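What follows is the content of structure-v6.tsv (TSV, N, CA and C atoms).
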chain	number	residue	atom	x	y	z
A	1	ALA	N	-66.95	251.19	-8.98
A	1	ALA	CA	-66.04	251.89	-9.86
A	1	ALA	C	-64.62	251.79	-9.30
A	2	HIS	N	-63.66	251.76	-10.18
A	2	HIS	CA	-62.26	251.71	-9.79
A	2	HIS	C	-61.71	253.12	-9.68
A	3	VAL	N	-60.81	253.30	-8.74
A	3	VAL	CA	-60.20	254.60	-8.55
A	3	VAL	C	-58.69	254.43	-8.60
A	4	LEU	N	-58.03	255.29	-9.30
A	4	LEU	CA	-56.57	255.29	-9.39
A	4	LEU	C	-56.06	256.57	-8.75
A	5	ILE	N	-55.20	256.41	-7.75
A	5	ILE	CA	-54.63	257.58	-7.08
A	5	ILE	C	-53.16	257.66	-7.48
A	6	ILE	N	-52.76	258.79	-8.00
A	6	ILE	CA	-51.37	259.00	-8.40
A	6	ILE	C	-50.83	260.16	-7.58
A	7	GLU	N	-49.73	259.89	-6.89
A	7	GLU	CA	-49.11	260.92	-6.07
A	7	GLU	C	-47.81	261.36	-6.71
A	8	PRO	N	-47.44	262.62	-6.53
A	8	PRO	CA	-46.13	263.03	-7.04
A	8	PRO	C	-45.03	262.33	-6.24
A	9	ARG	N	-43.94	261.98	-6.90
A	9	ARG	CA	-42.83	261.33	-6.22
A	9	ARG	C	-42.00	262.40	-5.51
A	10	LEU	N	-41.81	262.19	-4.22
A	10	LEU	CA	-40.98	263.10	-3.46
A	10	LEU	C	-39.53	262.70	-3.66
A	11	ALA	N	-38.75	263.54	-4.25
A	11	ALA	CA	-37.33	263.26	-4.45
A	11	ALA	C	-36.59	264.56	-4.64
A	12	HIS	N	-35.33	264.54	-4.21
A	12	HIS	CA	-34.47	265.69	-4.45
A	12	HIS	C	-34.11	265.72	-5.93
A	13	ALA	N	-33.50	266.80	-6.39
A	13	ALA	CA	-33.10	266.93	-7.79
A	13	ALA	C	-32.22	265.77	-8.23
A	14	SER	N	-31.47	265.19	-7.28
A	14	SER	CA	-30.60	264.05	-7.60
A	14	SER	C	-31.40	262.76	-7.78
A	15	GLY	N	-32.69	262.78	-7.44
A	15	GLY	CA	-33.52	261.58	-7.55
A	15	GLY	C	-33.59	260.78	-6.26
A	16	VAL	N	-32.83	261.20	-5.24
A	16	VAL	CA	-32.82	260.50	-3.96
A	16	VAL	C	-34.08	260.84	-3.17
A	17	VAL	N	-34.72	259.81	-2.62
A	17	VAL	CA	-35.92	260.00	-1.82
A	17	VAL	C	-35.54	260.72	-0.52
A	18	PRO	N	-36.36	261.68	-0.06
A	18	PRO	CA	-36.04	262.38	1.19
A	18	PRO	C	-35.96	261.41	2.38
A	19	VAL	N	-35.36	261.86	3.44
A	19	VAL	CA	-35.28	261.07	4.66
A	19	VAL	C	-36.69	260.78	5.16
A	20	ASP	N	-36.91	259.53	5.54
A	20	ASP	CA	-38.21	259.04	5.96
A	20	ASP	C	-38.15	258.74	7.45
A	21	TYR	N	-39.10	259.27	8.20
A	21	TYR	CA	-39.17	259.04	9.65
A	21	TYR	C	-40.42	258.22	9.95
A	22	LYS	N	-40.24	257.12	10.67
A	22	LYS	CA	-41.33	256.20	10.98
A	22	LYS	C	-41.54	256.17	12.49
A	23	PHE	N	-42.71	256.59	12.92
A	23	PHE	CA	-43.03	256.68	14.33
A	23	PHE	C	-43.88	255.48	14.74
A	24	PHE	N	-43.40	254.71	15.70
A	24	PHE	CA	-44.10	253.54	16.21
A	24	PHE	C	-44.94	254.00	17.40
A	25	VAL	N	-46.27	254.02	17.19
A	25	VAL	CA	-47.19	254.57	18.19
A	25	VAL	C	-48.01	253.41	18.78
A	26	PHE	N	-47.88	253.25	20.10
A	26	PHE	CA	-48.62	252.22	20.83
A	26	PHE	C	-49.60	252.89	21.77
A	27	HIS	N	-50.89	252.58	21.59
A	27	HIS	CA	-51.94	253.11	22.46
A	27	HIS	C	-51.83	254.63	22.62
A	28	GLY	N	-51.59	255.31	21.49
A	28	GLY	CA	-51.59	256.76	21.47
A	28	GLY	C	-50.30	257.44	21.88
A	29	LYS	N	-49.24	256.66	22.11
A	29	LYS	CA	-47.98	257.25	22.56
A	29	LYS	C	-46.82	256.77	21.69
A	30	VAL	N	-46.05	257.71	21.14
A	30	VAL	CA	-44.87	257.35	20.35
A	30	VAL	C	-43.86	256.71	21.29
A	31	ARG	N	-43.40	255.50	20.93
A	31	ARG	CA	-42.44	254.76	21.74
A	31	ARG	C	-41.08	254.62	21.05
A	32	LEU	N	-41.09	254.72	19.71
A	32	LEU	CA	-39.88	254.44	18.95
A	32	LEU	C	-39.95	255.21	17.64
A	33	LEU	N	-38.80	255.65	17.17
A	33	LEU	CA	-38.70	256.38	15.91
A	33	LEU	C	-37.60	255.76	15.07
A	34	GLU	N	-37.89	255.52	13.81
A	34	GLU	CA	-36.92	254.98	12.86
A	34	GLU	C	-36.64	256.03	11.79
A	35	ARG	N	-35.37	256.21	11.47
A	35	ARG	CA	-34.95	257.15	10.42
A	35	ARG	C	-34.38	256.32	9.28
A	36	ASP	N	-34.96	256.43	8.09
A	36	ASP	CA	-34.45	255.75	6.90
A	36	ASP	C	-33.88	256.79	5.95
A	37	ALA	N	-32.64	256.60	5.56
A	37	ALA	CA	-31.98	257.51	4.62
A	37	ALA	C	-31.39	256.70	3.48
A	38	GLY	N	-31.45	257.26	2.28
A	38	GLY	CA	-30.88	256.58	1.12
A	38	GLY	C	-31.69	255.39	0.66
A	39	ARG	N	-33.00	255.44	0.88
A	39	ARG	CA	-33.84	254.32	0.44
A	39	ARG	C	-33.70	254.11	-1.07
A	40	PHE	N	-33.72	252.86	-1.45
A	40	PHE	CA	-33.62	252.45	-2.86
A	40	PHE	C	-32.25	252.75	-3.44
A	41	THR	N	-31.24	252.88	-2.57
A	41	THR	CA	-29.86	253.09	-3.02
A	41	THR	C	-28.95	252.09	-2.31
A	42	ASP	N	-27.70	252.06	-2.73
A	42	ASP	CA	-26.71	251.19	-2.09
A	42	ASP	C	-26.27	251.73	-0.73
A	43	THR	N	-26.63	252.95	-0.42
A	43	THR	CA	-26.21	253.56	0.85
A	43	THR	C	-27.34	253.62	1.87
A	44	PHE	N	-28.37	252.80	1.68
A	44	PHE	CA	-29.51	252.79	2.60
A	44	PHE	C	-29.03	252.53	4.03
A	45	ALA	N	-29.48	253.34	4.95
A	45	ALA	CA	-29.13	253.19	6.36
A	45	ALA	C	-30.31	253.61	7.21
A	46	GLU	N	-30.41	253.00	8.38
A	46	GLU	CA	-31.49	253.36	9.29
A	46	GLU	C	-30.92	253.58	10.68
A	47	THR	N	-31.59	254.43	11.42
A	47	THR	CA	-31.22	254.72	12.80
A	47	THR	C	-32.50	254.72	13.62
A	48	PHE	N	-32.44	254.16	14.81
A	48	PHE	CA	-33.58	254.16	15.72
A	48	PHE	C	-33.31	255.11	16.88
A	49	TYR	N	-34.39	255.79	17.31
A	49	TYR	CA	-34.30	256.77	18.39
A	49	TYR	C	-35.43	256.54	19.38
A	50	SER	N	-35.20	257.03	20.59
A	50	SER	CA	-36.29	257.16	21.55
A	50	SER	C	-37.12	258.37	21.11
A	51	PRO	N	-38.33	258.55	21.67
A	51	PRO	CA	-39.13	259.72	21.30
A	51	PRO	C	-38.46	261.06	21.61
A	52	SER	N	-37.48	261.06	22.50
A	52	SER	CA	-36.77	262.30	22.82
A	52	SER	C	-35.56	262.53	21.92
A	53	GLY	N	-35.25	261.57	21.03
A	53	GLY	CA	-34.16	261.75	20.08
A	53	GLY	C	-32.87	261.04	20.45
A	54	GLU	N	-32.87	260.21	21.49
A	54	GLU	CA	-31.68	259.44	21.88
A	54	GLU	C	-31.49	258.27	20.91
A	55	VAL	N	-30.27	258.11	20.37
A	55	VAL	CA	-29.99	257.00	19.46
A	55	VAL	C	-30.04	255.69	20.23
A	56	LEU	N	-30.73	254.69	19.66
A	56	LEU	CA	-30.88	253.38	20.28
A	56	LEU	C	-30.12	252.33	19.47
A	57	ASP	N	-29.61	251.32	20.13
A	57	ASP	CA	-28.87	250.24	19.48
A	57	ASP	C	-29.85	249.17	19.01
A	58	ILE	N	-30.60	249.49	17.96
A	58	ILE	CA	-31.60	248.59	17.38
A	58	ILE	C	-31.35	248.53	15.89
A	59	ARG	N	-31.51	247.34	15.31
A	59	ARG	CA	-31.37	247.14	13.87
A	59	ARG	C	-32.65	246.49	13.34
A	60	ASN	N	-32.90	246.74	12.06
A	60	ASN	CA	-34.07	246.14	11.41
A	60	ASN	C	-33.75	245.88	9.95
A	61	GLY	N	-32.56	245.35	9.68
A	61	GLY	CA	-32.23	244.94	8.32
A	61	GLY	C	-31.27	245.82	7.56
A	62	ALA	N	-30.87	246.96	8.12
A	62	ALA	CA	-29.92	247.83	7.43
A	62	ALA	C	-28.81	248.20	8.41
A	63	ASP	N	-27.74	248.75	7.88
A	63	ASP	CA	-26.67	249.23	8.74
A	63	ASP	C	-27.15	250.45	9.51
A	64	ALA	N	-26.80	250.52	10.77
A	64	ALA	CA	-27.19	251.69	11.57
A	64	ALA	C	-26.37	252.90	11.15
A	65	TRP	N	-26.95	254.06	11.31
A	65	TRP	CA	-26.29	255.30	11.00
A	65	TRP	C	-26.37	256.13	12.27
A	66	THR	N	-25.49	255.83	13.20
A	66	THR	CA	-25.64	256.35	14.55
A	66	THR	C	-25.31	257.82	14.71
A	67	ASP	N	-24.66	258.44	13.72
A	67	ASP	CA	-24.33	259.86	13.88
A	67	ASP	C	-25.38	260.79	13.28
A	68	ALA	N	-26.49	260.22	12.80
A	68	ALA	CA	-27.54	261.03	12.18
A	68	ALA	C	-28.38	261.70	13.26
A	69	PRO	N	-28.62	262.99	13.14
A	69	PRO	CA	-29.45	263.68	14.14
A	69	PRO	C	-30.93	263.35	13.94
A	70	PRO	N	-31.73	263.46	15.00
A	70	PRO	CA	-33.18	263.31	14.82
A	70	PRO	C	-33.70	264.49	14.00
A	71	PRO	N	-34.93	264.44	13.51
A	71	PRO	CA	-35.45	265.54	12.70
A	71	PRO	C	-35.57	266.82	13.49
A	72	ALA	N	-35.39	267.93	12.81
A	72	ALA	CA	-35.51	269.24	13.46
A	72	ALA	C	-36.93	269.45	13.99
A	73	ALA	N	-37.91	268.89	13.30
A	73	ALA	CA	-39.32	269.05	13.69
A	73	ALA	C	-39.80	267.87	14.54
A	74	LEU	N	-38.90	267.26	15.33
A	74	LEU	CA	-39.24	266.06	16.10
A	74	LEU	C	-40.48	266.27	16.97
A	75	ASP	N	-40.55	267.35	17.72
A	75	ASP	CA	-41.69	267.57	18.62
A	75	ASP	C	-43.00	267.64	17.85
A	76	SER	N	-43.01	268.35	16.73
A	76	SER	CA	-44.23	268.44	15.92
A	76	SER	C	-44.60	267.07	15.34
A	77	MET	N	-43.60	266.34	14.85
A	77	MET	CA	-43.87	265.03	14.27
A	77	MET	C	-44.45	264.07	15.30
A	78	VAL	N	-43.93	264.11	16.54
A	78	VAL	CA	-44.47	263.26	17.61
A	78	VAL	C	-45.93	263.61	17.86
A	79	ARG	N	-46.24	264.89	17.97
A	79	ARG	CA	-47.64	265.31	18.18
A	79	ARG	C	-48.55	264.85	17.04
A	80	TYR	N	-48.10	265.05	15.80
A	80	TYR	CA	-48.90	264.64	14.65
A	80	TYR	C	-49.10	263.13	14.64
A	81	ALA	N	-48.03	262.38	14.89
A	81	ALA	CA	-48.11	260.92	14.87
A	81	ALA	C	-49.09	260.41	15.92
A	82	GLU	N	-49.01	260.97	17.12
A	82	GLU	CA	-49.92	260.53	18.18
A	82	GLU	C	-51.36	260.87	17.85
A	83	ARG	N	-51.58	262.00	17.23
A	83	ARG	CA	-52.94	262.39	16.85
A	83	ARG	C	-53.49	261.47	15.74
A	84	LEU	N	-52.66	261.17	14.74
A	84	LEU	CA	-53.10	260.32	13.63
A	84	LEU	C	-53.34	258.88	14.06
A	85	ALA	N	-52.62	258.42	15.08
A	85	ALA	CA	-52.75	257.03	15.54
A	85	ALA	C	-53.77	256.87	16.65
A	86	GLU	N	-54.42	257.96	17.01
A	86	GLU	CA	-55.40	257.94	18.09
A	86	GLU	C	-56.45	256.86	17.85
A	87	GLY	N	-56.75	256.08	18.88
A	87	GLY	CA	-57.79	255.06	18.78
A	87	GLY	C	-57.29	253.70	18.33
A	88	PHE	N	-56.01	253.57	18.00
A	88	PHE	CA	-55.44	252.29	17.57
A	88	PHE	C	-54.50	251.77	18.66
A	89	SER	N	-54.46	250.46	18.83
A	89	SER	CA	-53.51	249.89	19.79
A	89	SER	C	-52.08	250.01	19.27
A	90	PHE	N	-51.93	249.95	17.94
A	90	PHE	CA	-50.63	250.20	17.32
A	90	PHE	C	-50.84	250.79	15.93
A	91	MET	N	-49.98	251.73	15.59
A	91	MET	CA	-49.95	252.27	14.24
A	91	MET	C	-48.55	252.85	14.02
A	92	ARG	N	-47.99	252.56	12.84
A	92	ARG	CA	-46.76	253.25	12.47
A	92	ARG	C	-47.16	254.41	11.58
A	93	VAL	N	-46.70	255.61	11.94
A	93	VAL	CA	-47.03	256.83	11.22
A	93	VAL	C	-45.73	257.36	10.61
A	94	ASP	N	-45.74	257.52	9.28
A	94	ASP	CA	-44.53	257.93	8.57
A	94	ASP	C	-44.63	259.36	8.07
A	95	PHE	N	-43.49	260.03	8.16
A	95	PHE	CA	-43.35	261.38	7.62
A	95	PHE	C	-42.06	261.45	6.82
A	96	TYR	N	-42.05	262.29	5.81
A	96	TYR	CA	-40.82	262.63	5.10
A	96	TYR	C	-40.34	263.98	5.62
A	97	ASP	N	-39.05	264.18	5.60
A	97	ASP	CA	-38.48	265.47	5.93
A	97	ASP	C	-38.16	266.15	4.60
A	98	VAL	N	-38.97	267.14	4.23
A	98	VAL	CA	-38.77	267.86	2.97
A	98	VAL	C	-38.37	269.29	3.32
A	99	ASP	N	-37.10	269.57	3.16
A	99	ASP	CA	-36.56	270.89	3.47
A	99	ASP	C	-36.91	271.34	4.89
A	100	GLY	N	-36.82	270.40	5.84
A	100	GLY	CA	-37.09	270.72	7.24
A	100	GLY	C	-38.54	270.72	7.63
A	101	GLU	N	-39.43	270.42	6.69
A	101	GLU	CA	-40.87	270.38	6.95
A	101	GLU	C	-41.35	268.93	6.97
A	102	PRO	N	-42.18	268.55	7.95
A	102	PRO	CA	-42.72	267.19	7.94
A	102	PRO	C	-43.85	267.06	6.92
A	103	TRP	N	-43.73	266.08	6.03
A	103	TRP	CA	-44.78	265.75	5.07
A	103	TRP	C	-45.29	264.36	5.40
A	104	PHE	N	-46.60	264.22	5.50
A	104	PHE	CA	-47.19	262.92	5.82
A	104	PHE	C	-46.86	261.90	4.75
A	105	GLY	N	-46.50	260.69	5.18
A	105	GLY	CA	-46.19	259.60	4.26
A	105	GLY	C	-47.30	258.56	4.23
A	106	GLU	N	-47.49	257.84	5.34
A	106	GLU	CA	-48.52	256.80	5.37
A	106	GLU	C	-48.78	256.35	6.79
A	107	LEU	N	-49.89	255.63	6.96
A	107	LEU	CA	-50.22	254.92	8.18
A	107	LEU	C	-50.07	253.43	7.88
A	108	THR	N	-49.39	252.71	8.76
A	108	THR	CA	-49.15	251.29	8.54
A	108	THR	C	-49.46	250.52	9.83
A	109	PRO	N	-50.54	249.70	9.84
A	109	PRO	CA	-50.86	248.96	11.06
A	109	PRO	C	-49.99	247.72	11.27
A	110	TYR	N	-49.42	247.15	10.21
A	110	TYR	CA	-48.59	245.96	10.32
A	110	TYR	C	-47.37	246.10	9.41
A	111	PRO	N	-46.33	246.86	9.85
A	111	PRO	CA	-45.15	247.03	9.00
A	111	PRO	C	-44.53	245.70	8.60
A	112	SER	N	-44.26	245.54	7.33
A	112	SER	CA	-43.68	244.31	6.76
A	112	SER	C	-44.49	243.08	7.15
A	113	GLY	N	-45.76	243.26	7.37
A	113	GLY	CA	-46.63	242.14	7.74
A	113	GLY	C	-46.24	241.53	9.08
A	114	GLY	N	-45.46	242.25	9.88
A	114	GLY	CA	-45.02	241.74	11.17
A	114	GLY	C	-43.94	240.68	11.06
A	115	MET	N	-43.36	240.53	9.87
A	115	MET	CA	-42.40	239.45	9.63
A	115	MET	C	-40.95	239.93	9.52
A	116	ASP	N	-40.68	241.19	9.83
A	116	ASP	CA	-39.34	241.75	9.69
A	116	ASP	C	-38.75	241.90	11.09
A	117	PRO	N	-37.91	240.95	11.54
A	117	PRO	CA	-37.44	240.97	12.94
A	117	PRO	C	-36.47	242.10	13.24
A	118	PHE	N	-36.51	242.51	14.50
A	118	PHE	CA	-35.60	243.53	15.01
A	118	PHE	C	-34.43	242.83	15.70
A	119	GLU	N	-33.32	243.53	15.76
A	119	GLU	CA	-32.16	243.05	16.51
A	119	GLU	C	-31.77	244.14	17.49
A	120	PRO	N	-31.42	243.78	18.70
A	120	PRO	CA	-31.40	242.45	19.28
A	120	PRO	C	-32.82	241.94	19.51
A	121	ASP	N	-32.94	240.65	19.83
A	121	ASP	CA	-34.25	240.06	20.07
A	121	ASP	C	-35.05	240.84	21.11
A	122	GLU	N	-34.38	241.40	22.09
A	122	GLU	CA	-35.05	242.16	23.14
A	122	GLU	C	-35.89	243.30	22.57
A	123	ALA	N	-35.47	243.86	21.43
A	123	ALA	CA	-36.25	244.95	20.82
A	123	ALA	C	-37.63	244.44	20.40
A	124	ASP	N	-37.69	243.24	19.80
A	124	ASP	CA	-38.98	242.65	19.43
A	124	ASP	C	-39.85	242.42	20.67
A	125	PHE	N	-39.23	241.91	21.74
A	125	PHE	CA	-39.98	241.66	22.97
A	125	PHE	C	-40.50	242.96	23.57
A	126	MET	N	-39.69	244.02	23.50
A	126	MET	CA	-40.08	245.33	24.01
A	126	MET	C	-41.31	245.85	23.24
A	127	LEU	N	-41.29	245.72	21.91
A	127	LEU	CA	-42.44	246.16	21.10
A	127	LEU	C	-43.70	245.40	21.51
A	128	GLY	N	-43.57	244.10	21.74
A	128	GLY	CA	-44.71	243.29	22.17
A	128	GLY	C	-45.26	243.72	23.52
A	129	ARG	N	-44.36	244.05	24.44
A	129	ARG	CA	-44.81	244.51	25.76
A	129	ARG	C	-45.56	245.84	25.64
A	130	TRP	N	-45.07	246.74	24.78
A	130	TRP	CA	-45.77	248.00	24.58
A	130	TRP	C	-47.15	247.76	23.99
A	131	TRP	N	-47.22	246.85	23.02
A	131	TRP	CA	-48.51	246.57	22.38
A	131	TRP	C	-49.51	245.99	23.37
A	132	ARG	N	-49.01	245.10	24.25
A	132	ARG	CA	-49.89	244.48	25.26
A	132	ARG	C	-50.05	245.37	26.49
A	133	GLN	N	-49.43	246.53	26.48
A	133	GLN	CA	-49.48	247.50	27.58
A	133	GLN	C	-48.92	246.91	28.88
A	134	GLU	N	-47.89	246.08	28.75
A	134	GLU	CA	-47.24	245.50	29.93
A	134	GLU	C	-46.08	246.36	30.40
A	135	GLU	N	-45.67	247.33	29.60
A	135	GLU	CA	-44.55	248.20	29.95
A	135	GLU	C	-44.97	249.62	29.63
A	136	THR	N	-44.96	250.47	30.63
A	136	THR	CA	-45.48	251.83	30.45
A	136	THR	C	-44.40	252.89	30.31
A	137	SER	N	-43.14	252.53	30.53
A	137	SER	CA	-42.10	253.56	30.39
A	137	SER	C	-41.16	253.24	29.26

Please re-express this file's structure in C-alpha coordinates.
Amino acid sequence: AHVLIIEPRLAHASGVVPVDYKFFVFHGKVRLLERDAGRFTDTFAETFYSPSGEVLDIRNGADAWTDAPPPAALDSMVRYAERLAEGFSFMRVDFYDVDGEPWFGELTPYPSGGMDPFEPDEADFMLGRWWRQEETS
(Lines of atoms letter the chains of each structure in order from A and count residues from 1; the text may use other names and numbers.)
(Lines give C-alpha, C1' and ligand atoms only; values in the text may rest on other atoms or scores of the structure.)
Protein backbone atom coordinates (compact mmCIF):
# COMPACT_ATOMS: atom_id res chain seq x y z
CA ALA A 1 0.00 0.00 0.00
CA HIS A 2 1.12 3.55 -0.66
CA VAL A 3 1.31 6.08 2.13
CA LEU A 4 1.21 9.84 1.74
CA ILE A 5 2.56 11.94 4.59
CA ILE A 6 1.60 15.61 4.64
CA GLU A 7 3.23 17.92 7.14
CA PRO A 8 2.18 21.45 7.99
CA ARG A 9 4.52 24.05 6.51
CA LEU A 10 6.48 25.86 9.17
CA ALA A 11 6.50 29.53 8.25
CA HIS A 12 6.09 32.88 9.89
CA ALA A 13 3.03 35.00 9.00
CA SER A 14 5.21 36.63 6.32
CA GLY A 15 5.67 33.21 4.69
CA VAL A 16 9.39 33.07 5.54
CA VAL A 17 10.63 29.66 6.68
CA PRO A 18 12.00 29.71 10.27
CA VAL A 19 15.74 29.59 10.86
CA ASP A 20 17.04 26.08 10.25
CA TYR A 21 19.90 24.62 12.30
CA LYS A 22 21.82 21.64 10.91
CA PHE A 23 23.97 19.64 13.31
CA PHE A 24 26.78 17.54 11.80
CA VAL A 25 27.16 14.56 14.14
CA PHE A 26 30.13 12.20 13.74
CA HIS A 27 30.22 9.01 15.82
CA GLY A 28 27.74 10.43 18.32
CA LYS A 29 29.36 13.84 18.78
CA VAL A 30 28.25 17.16 17.27
CA ARG A 31 31.27 18.62 15.47
CA LEU A 32 29.73 21.40 13.38
CA LEU A 33 26.55 23.47 13.26
CA GLU A 34 25.11 25.26 10.23
CA ARG A 35 22.53 28.06 10.51
CA ASP A 36 20.36 28.70 7.43
CA ALA A 37 18.24 31.84 7.37
CA GLY A 38 16.02 33.18 4.61
CA ARG A 39 15.77 29.87 2.77
CA PHE A 40 13.94 30.09 -0.55
CA THR A 41 14.46 33.87 -0.63
CA ASP A 42 16.96 36.26 -2.20
CA THR A 43 18.43 36.91 1.25
CA PHE A 44 19.43 33.31 1.99
CA ALA A 45 22.49 33.22 4.23
CA GLU A 46 24.27 30.57 6.23
CA THR A 47 26.65 30.66 9.17
CA PHE A 48 28.76 27.82 10.55
CA TYR A 49 29.58 27.41 14.24
CA SER A 50 31.55 25.14 16.50
CA PRO A 51 29.38 23.11 18.93
CA SER A 52 30.05 25.80 21.56
CA GLY A 53 28.67 28.56 19.30
CA GLU A 54 31.92 30.08 17.93
CA VAL A 55 31.47 31.43 14.37
CA LEU A 56 33.66 29.54 11.88
CA ASP A 57 35.00 30.77 8.53
CA ILE A 58 33.32 28.06 6.44
CA ARG A 59 31.12 28.43 3.37
CA ASN A 60 28.83 25.96 1.63
CA GLY A 61 27.28 27.87 -1.25
CA ALA A 62 25.74 30.94 0.39
CA ASP A 63 27.01 34.21 1.77
CA ALA A 64 28.09 33.92 5.39
CA TRP A 65 26.12 35.78 8.01
CA THR A 66 28.77 36.14 10.65
CA ASP A 67 26.88 38.39 13.06
CA ALA A 68 24.07 35.87 13.63
CA PRO A 69 23.96 34.43 17.15
CA PRO A 70 23.75 30.67 17.73
CA PRO A 71 20.32 29.38 18.83
CA ALA A 72 19.19 30.15 22.35
CA ALA A 73 18.49 26.43 22.86
CA LEU A 74 21.96 25.39 21.58
CA ASP A 75 22.74 23.06 24.52
CA SER A 76 19.40 21.25 24.20
CA MET A 77 19.73 20.97 20.42
CA VAL A 78 23.22 19.45 20.76
CA ARG A 79 21.92 16.86 23.24
CA TYR A 80 18.94 16.01 21.02
CA ALA A 81 21.10 15.78 17.89
CA GLU A 82 23.61 13.47 19.55
CA ARG A 83 20.83 11.25 20.85
CA LEU A 84 19.07 11.05 17.46
CA ALA A 85 22.33 10.26 15.63
CA GLU A 86 23.36 7.59 18.11
CA GLY A 87 24.70 4.46 16.38
CA PHE A 88 25.60 6.18 13.09
CA SER A 89 29.11 7.09 11.94
CA PHE A 90 27.62 10.29 10.50
CA MET A 91 24.21 11.92 10.55
CA ARG A 92 23.08 15.48 9.99
CA VAL A 93 20.26 16.32 12.39
CA ASP A 94 18.14 19.37 11.58
CA PHE A 95 16.01 21.52 13.82
CA TYR A 96 13.94 24.63 13.20
CA ASP A 97 13.88 27.46 15.68
CA VAL A 98 10.19 28.23 16.20
CA ASP A 99 9.73 31.05 18.70
CA GLY A 100 12.85 29.94 20.59
CA GLU A 101 11.79 26.28 20.69
CA PRO A 102 13.67 23.55 18.79
CA TRP A 103 11.41 21.64 16.38
CA PHE A 104 12.77 18.51 14.73
CA GLY A 105 13.30 18.84 10.99
CA GLU A 106 14.97 15.75 9.54
CA LEU A 107 17.79 13.23 9.66
CA THR A 108 20.10 13.27 6.64
CA PRO A 109 22.88 10.67 6.23
CA TYR A 110 24.28 12.19 2.99
CA PRO A 111 23.54 15.95 2.72
CA SER A 112 23.33 16.99 -0.95
CA GLY A 113 24.43 13.48 -1.84
CA GLY A 114 27.92 14.40 -0.62
CA MET A 115 28.38 16.55 -3.73
CA ASP A 116 28.13 20.05 -2.21
CA PRO A 117 31.71 21.19 -1.44
CA PHE A 118 32.71 23.30 1.52
CA GLU A 119 35.08 26.24 1.40
CA PRO A 120 37.89 26.41 2.23
CA ASP A 121 38.96 22.96 1.04
CA GLU A 122 40.34 22.27 4.53
CA ALA A 123 36.75 22.18 5.84
CA ASP A 124 35.98 19.19 3.57
CA PHE A 125 39.17 17.46 4.72
CA MET A 126 38.27 18.14 8.37
CA LEU A 127 34.83 16.53 7.90
CA GLY A 128 36.51 13.47 6.36
CA ARG A 129 38.92 13.16 9.27
CA TRP A 130 36.02 13.30 11.73
CA TRP A 131 34.15 10.64 9.77
CA ARG A 132 37.21 8.37 9.71
CA GLN A 133 37.83 9.18 13.40
CA GLU A 134 41.34 10.47 12.63
CA GLU A 135 40.76 13.72 14.52
CA THR A 136 39.21 13.69 17.97
CA SER A 137 39.20 17.37 18.91

Those in segment 29-104 of chain A with alpha helix (DSSP H) from DSSP, as a PDB file with N, CA and C atoms, keeping the file's coordinate frame:
ATOM      1  N   LEU A  74     -38.900 267.260  15.330  1.00  0.00           N
ATOM      2  CA  LEU A  74     -39.240 266.060  16.100  1.00  0.00           C
ATOM      3  C   LEU A  74     -40.480 266.270  16.970  1.00  0.00           C
ATOM      4  N   ASP A  75     -40.550 267.350  17.720  1.00  0.00           N
ATOM      5  CA  ASP A  75     -41.690 267.570  18.620  1.00  0.00           C
ATOM      6  C   ASP A  75     -43.000 267.640  17.850  1.00  0.00           C
ATOM      7  N   SER A  76     -43.010 268.350  16.730  1.00  0.00           N
ATOM      8  CA  SER A  76     -44.230 268.440  15.920  1.00  0.00           C
ATOM      9  C   SER A  76     -44.600 267.070  15.340  1.00  0.00           C
ATOM     10  N   MET A  77     -43.600 266.340  14.850  1.00  0.00           N
ATOM     11  CA  MET A  77     -43.870 265.030  14.270  1.00  0.00           C
ATOM     12  C   MET A  77     -44.450 264.070  15.300  1.00  0.00           C
ATOM     13  N   VAL A  78     -43.930 264.110  16.540  1.00  0.00           N
ATOM     14  CA  VAL A  78     -44.470 263.260  17.610  1.00  0.00           C
ATOM     15  C   VAL A  78     -45.930 263.610  17.860  1.00  0.00           C
ATOM     16  N   ARG A  79     -46.240 264.890  17.970  1.00  0.00           N
ATOM     17  CA  ARG A  79     -47.640 265.310  18.180  1.00  0.00           C
ATOM     18  C   ARG A  79     -48.550 264.850  17.040  1.00  0.00           C
ATOM     19  N   TYR A  80     -48.100 265.050  15.800  1.00  0.00           N
ATOM     20  CA  TYR A  80     -48.900 264.640  14.650  1.00  0.00           C
ATOM     21  C   TYR A  80     -49.100 263.130  14.640  1.00  0.00           C
ATOM     22  N   ALA A  81     -48.030 262.380  14.890  1.00  0.00           N
ATOM     23  CA  ALA A  81     -48.110 260.920  14.870  1.00  0.00           C
ATOM     24  C   ALA A  81     -49.090 260.410  15.920  1.00  0.00           C
ATOM     25  N   GLU A  82     -49.010 260.970  17.120  1.00  0.00           N
ATOM     26  CA  GLU A  82     -49.920 260.530  18.180  1.00  0.00           C
ATOM     27  C   GLU A  82     -51.360 260.870  17.850  1.00  0.00           C
ATOM     28  N   ARG A  83     -51.580 262.000  17.230  1.00  0.00           N
ATOM     29  CA  ARG A  83     -52.940 262.390  16.850  1.00  0.00           C
ATOM     30  C   ARG A  83     -53.490 261.470  15.740  1.00  0.00           C
ATOM     31  N   LEU A  84     -52.660 261.170  14.740  1.00  0.00           N
ATOM     32  CA  LEU A  84     -53.100 260.320  13.630  1.00  0.00           C
ATOM     33  C   LEU A  84     -53.340 258.880  14.060  1.00  0.00           C
TER      34      LEU A  84
END

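A straight line drawn from atom CA of Gly38 of chain A to atom CA of Val17 of chain A is 6.8 Å long.
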
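Excluding segment 107-123 of chain A itself and same-chain residues fewer than 4 positions from it, the residues having an atom within 6 Å of it are A:Asp57, A:Ile58, A:Arg59, A:Asn60, A:Phe90, A:Met91, A:Arg92, A:Val93, A:Asp94, A:Leu127, counting all atoms listed in the file.
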
Non-local contacts of Glu86 of chain A (12 Å; only C-alpha atoms; under 6 positions in same chain excluded) as a PyMOL selection string
chain A and resi 25-30+79-80+92-93+107

In Å and to one decimal, atom CA of Pro51 of chain A is distant from atom CA of Leu32 of chain A by 5.8 Å

Test item: which residues lie within 6.5 Å of (-34.5, 259.0, 13.7) counting all atoms listed in the file, as number ranges by chain:
A: 21, 33-36, 47-49, 69-71

note - atom CA of Val78 of chain A and atom CA of Phe125 of chain A are separated by 22.7 Å

As lines of an AutoDock Vina configuration file, what would the box around segment 100-108 of chain A look like: edges along x, y and z, 4 Å added on every side, centre and edge lengths in Å to one decimal?
center_x = -43.5
center_y = 260.6
center_z = 7.0
size_x = 21.4
size_y = 28.2
size_z = 13.6

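With only N, CA and C atoms as the basis for measurement, A:Gly61 is the residue among A:Met77, A:Gly61, A:Phe104, A:Arg31 that approaches Ala45 of chain A most closely.
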
If you run DSSP on the backbone here, which positions in chain A get strand (DSSP E)? Please write them as JSON, numbers by chain.
{"A": [20, 21, 22, 23, 24, 25, 26, 29, 30, 31, 32, 33, 34, 35, 36, 37, 45, 46, 47, 48, 49, 55, 56, 63, 64, 90, 91, 92, 93, 94, 95, 96, 97, 98, 101, 102, 103, 104, 105, 106, 107, 108]}

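Restricting the calculation to only C-alpha atoms, the smallest distance between Arg39 of chain A and any of A:Arg83, A:Tyr96, A:Phe23, A:Leu56 is found for A:Tyr96.
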